[in-house]
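Undergrad: Take a look at this one; I'll ask things after.
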Amino acid sequence: MAWNEPGNSGGKDPWGGRNSEQGPPDLDEVVRKLQDKFGGLFGRGRGTGGGASAGSIGMVLVLALALWALSGIYTVDEGQRGVVLQFGAYKDTTMPGLNWYPRFIHSVEEVDISSVRSIELGRRADEALMLTQDENIVDVKFTVQYQVKDARDYLFNVRDPDQTLREATESAVREIIGQSEMDFVITGGRSEVVERVKVLVQEILDRYRAGLTVVNLNMQDAQAPEQVQGAFADAVKAREDEQRLKNEAEAYSNDVLPRARGAAARLIEEANAYREQVIAQAEGETARFLSVLAQYEKAPAVTRKRLYLESMESVLSQSSKVMVDTKGGNNLLYLPLDKLMQRDLPLTSMGTADPLALPQTQTQQQRTDARLRDAVRQREVR
């Protein structure tokens, strides 16, 4: 049932009035009231219809201009850059803070340059499998972290900078791995490969002016394909055994060689000492012979006799048995000095020589030697 039909419950209309006495407000009346108010603001009365219409239009224009000006205010957050476009062409780059641009003439696109983005390379088989210089296949996975370096280049120079970075990384990785051997890539050369790939990717991005900079590049995995994992594990084990044996050999060498060098140095020093000893002894013998020769030239007979006595003394002092032949007789005198020395040497209860008896024994031996020398001399005199 309509609100103004007879029998309506309560007789109320949508504006809160009664149907019996009041209808909806007239739209023309509302517009006239607004025109009167705006006309009063511009100094025109209600009676001047044309002036009121012109004032209303001016007011609308002023309000529209104010709204247009306010709509051009925008804020660029920290860590971002605002790229201003004039009819779609690059105009300027605004820094973080409050900025303004004329709407419908300029437009603004904000680019985040502070956040670190990342892509992963090697999830698909066609990306992961790569050929090395020695014609082997390796399965590699890379992670690239990058940032926007230049907002203008990022938006205008390349259609899809992120996809360009992915393709540039894949191309660089294939080039560097294609120049390296499999063992180098998998074992000790991983850090060098990563550094070379990072430099090459940045060179490609700078050449394209993609507005991106590589922050970090990691090689997450590098191994032989799954089909040859067993053979590759055996090769790795053999390489490790080889390295272990080399280390053991080096340890043994480090243990033996210093000792051999020490023994060789000791023998050399002993030989040098023996040489010095022999030379000194020879020089001493020569000096003694020359001194004896000088005395022999002065008194040959006396020197000859003295040399004979000294020689006999040296020989007989080493012997414990002495035979004495008397001149002109048939008797041969035998002196058992060893028996005499053992008999004259007192023994202790332990069966060893008494140290207190040593001076006395030495005196007896000296006396015996003196008697022998006297006997020899008497024999020569006769």
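Following the order of the structure tokens, chains are lettered A, B, ..., residues in each are numbered from 1, and ligands are numbered from 1.
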Pull the helix (DSSP H, G or I) assignments for range 68-245 of chain A out of DSSP run on the backbone, and list those residues as an NGL selection string.

TA: :A and (68-71 or 125-128 or 151-156 or 161-178 or 182-186 or 190-208 or 226-245)

Undergrad: Keeping C-alpha atoms for every residue in the selection just given, could you write it to a file as a short mmCIF file (atom, residue, chain, number, x, y, z; two decimals), in the first residue's frame?

TA:
data_model
loop_
_atom_site.label_atom_id
_atom_site.label_comp_id
_atom_site.auth_asym_id
_atom_site.auth_seq_id
_atom_site.Cartn_x
_atom_site.Cartn_y
_atom_site.Cartn_z
CA TRP A 68 40.27 19.68 -7.45
CA ALA A 69 43.16 21.34 -5.62
CA LEU A 70 42.60 19.29 -2.49
CA SER A 71 42.41 16.08 -4.48
CA ALA A 125 63.90 -29.00 -13.89
CA ASP A 126 64.66 -26.88 -16.96
CA GLU A 127 66.09 -24.19 -14.66
CA ALA A 128 68.04 -26.43 -12.28
CA ALA A 151 62.23 4.17 -9.61
CA ARG A 152 62.15 5.82 -13.06
CA ASP A 153 64.22 3.06 -14.70
CA TYR A 154 62.20 0.42 -12.88
CA LEU A 155 58.91 1.73 -14.33
CA PHE A 156 59.85 2.78 -17.86
CA PRO A 161 61.89 -5.87 -14.38
CA ASP A 162 61.32 -8.82 -12.02
CA GLN A 163 61.06 -11.31 -14.88
CA THR A 164 64.06 -9.68 -16.50
CA LEU A 165 66.04 -10.25 -13.32
CA ARG A 166 65.04 -13.93 -13.29
CA GLU A 167 66.08 -14.43 -16.89
CA ALA A 168 69.34 -12.51 -16.40
CA THR A 169 70.18 -14.64 -13.35
CA GLU A 170 69.51 -17.89 -15.20
CA SER A 171 71.64 -16.74 -18.13
CA ALA A 172 74.52 -15.70 -15.85
CA VAL A 173 74.42 -18.94 -13.87
CA ARG A 174 74.52 -21.03 -17.04
CA GLU A 175 77.45 -19.02 -18.36
CA ILE A 176 79.55 -19.28 -15.20
CA ILE A 177 78.81 -22.98 -14.62
CA GLY A 178 79.49 -23.67 -18.30
CA MET A 182 81.72 -30.16 -11.92
CA ASP A 183 84.00 -30.83 -8.93
CA PHE A 184 84.81 -27.13 -8.69
CA VAL A 185 81.13 -26.16 -8.64
CA ILE A 186 80.06 -28.78 -6.10
CA ARG A 190 80.92 -22.57 -4.71
CA SER A 191 81.76 -19.19 -3.18
CA GLU A 192 83.71 -18.15 -6.28
CA VAL A 193 80.85 -19.22 -8.56
CA VAL A 194 78.35 -17.21 -6.49
CA GLU A 195 80.52 -14.09 -6.60
CA ARG A 196 81.04 -14.32 -10.35
CA VAL A 197 77.31 -14.86 -10.96
CA LYS A 198 76.43 -11.86 -8.79
CA VAL A 199 78.80 -9.57 -10.69
CA LEU A 200 77.55 -10.77 -14.07
CA VAL A 201 73.86 -10.36 -13.13
CA GLN A 202 74.46 -6.78 -11.98
CA GLU A 203 76.29 -6.00 -15.23
CA ILE A 204 73.31 -7.27 -17.24
CA LEU A 205 70.81 -5.25 -15.17
CA ASP A 206 72.91 -2.09 -15.52
CA ARG A 207 73.16 -2.66 -19.28
CA TYR A 208 69.36 -2.91 -19.51
CA GLU A 226 69.31 -37.76 -8.90
CA GLN A 227 69.90 -40.51 -11.49
CA VAL A 228 73.67 -40.59 -10.78
CA GLN A 229 73.65 -39.82 -7.07
CA GLY A 230 75.01 -43.27 -6.14
CA ALA A 231 77.98 -43.11 -8.48
CA PHE A 232 78.70 -39.57 -7.46
CA ALA A 233 78.61 -40.53 -3.76
CA ASP A 234 81.17 -43.27 -4.48
CA ALA A 235 83.38 -40.78 -6.27
CA VAL A 236 83.13 -38.36 -3.37
CA LYS A 237 84.01 -41.13 -0.90
CA ALA A 238 87.04 -42.12 -3.00
CA ARG A 239 88.14 -38.50 -3.09
CA GLU A 240 87.79 -38.23 0.67
CA ASP A 241 89.80 -41.44 1.15
CA GLU A 242 92.49 -40.06 -1.12
CA GLN A 243 92.66 -36.87 0.89
CA ARG A 244 92.77 -38.85 4.16
CA LEU A 245 95.65 -41.00 2.95
#

Undergrad: Within 8 Å of Thr132 in chain A, counting only C-alpha atoms, which residues qualify if same-chain residues fewer than 3 places away don't, as a list in words?

TA: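 In the requested format, the answer is Glu135, Asn136, Ile137, Val138, Ile177, Gly178, Gln179, Ser180, Glu181 and Met182 of chain A.
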
Undergrad: As an exercise, work out the distance from CA of Gln133 in chain A to CA of Lys246 in chain A in Å and give it to one decimal place.

TA: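 We find that CA of Gln133 in chain A and CA of Lys246 in chain A lie 27.4 Å from each other.
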
Undergrad: If DSSP is run on the backbone, what residues of range 51-136 of chain A are strand (DSSP E)? A reply as a ChimeraX atom specification would be ideal.

TA: /A:73-76,80-86,89-94,97-100,106-112,117-121,129-131

Undergrad: Dump C-alpha atoms for the selected residues as a PDB file, in the first residue's frame?

TA:
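Okay, this is what ended up in selection_21.pdb:
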ATOM      1  CA  ILE A  73      47.531  16.380  -2.273  1.00  0.00           C
ATOM      2  CA  TYR A  74      49.250  13.053  -1.632  1.00  0.00           C
ATOM      3  CA  THR A  75      51.792  11.614   0.769  1.00  0.00           C
ATOM      4  CA  VAL A  76      54.804   9.480  -0.132  1.00  0.00           C
ATOM      5  CA  GLN A  80      59.197   4.912  -1.279  1.00  0.00           C
ATOM      6  CA  ARG A  81      59.479   7.252  -4.217  1.00  0.00           C
ATOM      7  CA  GLY A  82      56.646   8.965  -6.096  1.00  0.00           C
ATOM      8  CA  VAL A  83      57.009   8.939  -9.876  1.00  0.00           C
ATOM      9  CA  VAL A  84      55.000  11.842 -11.359  1.00  0.00           C
ATOM     10  CA  LEU A  85      53.612  11.349 -14.869  1.00  0.00           C
ATOM     11  CA  GLN A  86      52.350  14.150 -17.106  1.00  0.00           C
ATOM     12  CA  ALA A  89      55.131  10.651 -19.673  1.00  0.00           C
ATOM     13  CA  TYR A  90      57.752  10.874 -16.917  1.00  0.00           C
ATOM     14  CA  LYS A  91      57.774  14.278 -15.230  1.00  0.00           C
ATOM     15  CA  ASP A  92      59.540  14.064 -11.861  1.00  0.00           C
ATOM     16  CA  THR A  93      60.378  11.874  -8.871  1.00  0.00           C
ATOM     17  CA  THR A  94      59.168  13.044  -5.477  1.00  0.00           C
ATOM     18  CA  GLY A  97      56.602  13.504   2.576  1.00  0.00           C
ATOM     19  CA  LEU A  98      53.590  15.653   1.637  1.00  0.00           C
ATOM     20  CA  ASN A  99      53.382  16.534  -2.068  1.00  0.00           C
ATOM     21  CA  TRP A 100      50.868  17.938  -4.568  1.00  0.00           C
ATOM     22  CA  HIS A 106      49.566  14.572 -13.671  1.00  0.00           C
ATOM     23  CA  SER A 107      49.396  11.169 -12.079  1.00  0.00           C
ATOM     24  CA  VAL A 108      51.604   9.539  -9.447  1.00  0.00           C
ATOM     25  CA  GLU A 109      52.866   5.985  -9.072  1.00  0.00           C
ATOM     26  CA  GLU A 110      54.590   5.035  -5.841  1.00  0.00           C
ATOM     27  CA  VAL A 111      57.521   2.631  -5.977  1.00  0.00           C
ATOM     28  CA  ASP A 112      58.903   0.827  -2.921  1.00  0.00           C
ATOM     29  CA  ARG A 117      62.590  -8.724  -2.771  1.00  0.00           C
ATOM     30  CA  SER A 118      63.701 -12.244  -3.655  1.00  0.00           C
ATOM     31  CA  ILE A 119      63.318 -14.818  -6.386  1.00  0.00           C
ATOM     32  CA  GLU A 120      64.299 -18.490  -6.460  1.00  0.00           C
ATOM     33  CA  LEU A 121      65.923 -20.114  -9.440  1.00  0.00           C
ATOM     34  CA  LEU A 129      69.932 -28.741 -14.674  1.00  0.00           C
ATOM     35  CA  MET A 130      73.017 -27.118 -16.189  1.00  0.00           C
ATOM     36  CA  LEU A 131      75.976 -28.354 -18.240  1.00  0.00           C
TER      37      LEU A 131
END

Undergrad: Tell me, in Å to one decimal, how far CA of Glu310 in chain A is from CA of Ser291 in chain A.

TA: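 For CA of Glu310 in chain A relative to CA of Ser291 in chain A, the distance reads 15.5 Å.
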
Undergrad: Counting only C-alpha atoms, which of A:Gly122, A:Arg159, A:Val214, A:Ser115 gets nearest to Tyr146 in chain A?

TA: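 Under the stated criterion, the closest residue is A:Val214.
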